[in-house]
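Peer 1: Pasting a structure below so you can have a look.
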Amino acid sequence: MRRLTLAAASLLVFAAAFADAPARAAGKPTRFWNLTSSTVTELRLAPAGTQEFGENQCLNDKDAEVEHDERLKVTGVGTGQYDARIGFPDGRVCAAKNLPVEAGQVFSVEDKDLVDCSK
């Protein structure tokens, strides 16, 4: 009987740990992962299909830029589909469209995602 009680208690602890996972994820910041081949100096997000771009998220970084393979804390953005305006040090500005963003998770942009680039 004691083994059964110990097993049941272990199972409850295990289940509680997984049930709490969404709450823990909600406390994590949403992050942008720069997988482009260049440093990003401007990252502005707008709900997909609109031109309502928010603040430059790169200002959340200590040096105001996001190097290749660096992650950036993104603020003021909830779960949804977003279009991004992405700027680079050489003055080039590109779009990345319909990015799926989930609050508390990491989303990334790669070179293949960049469209409508201009200088």
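Every chain in the structure tokens takes a letter, A first, then B, and so on in the order presented; its residues are numbered from 1, and the ligands are numbered from 1 following the presented order.
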Counting only C-alpha atoms, what is within 6 Å of A:Glu110, bar same-chain residues fewer than 3 positions away, as a PyMOL selection string?
Peer 2: chain A and resi 35-36+113
Peer 1: For stretch 70-83 of chain A, work out the shell of residues within 10 Å, counting only C-alpha atoms and skipping chain neighbours fewer than 2 positions away, then give it as a ChimeraX atom specification.
Peer 2: /A:28-35,39-40,43-62,64-68,85-86,95-108
Peer 1: Could you jot down the atom CA of A:Val115 to atom CA of A:Asp69 separation for me, Å, one decimal place?
Peer 2: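 So the answer is 19.8 Å.
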Peer 1: One decimal, Å: what's the distance from atom CA of A:Asp63 over to atom CA of A:Lys119, could you say?
Peer 2: 22.7 Å
Peer 1: Pick out the closest residue to A:Glu42 from this set: A:Gly87, A:Arg92, A:Asp111, A:Asp116. Count only C-alpha atoms.
Peer 2: A:Gly87
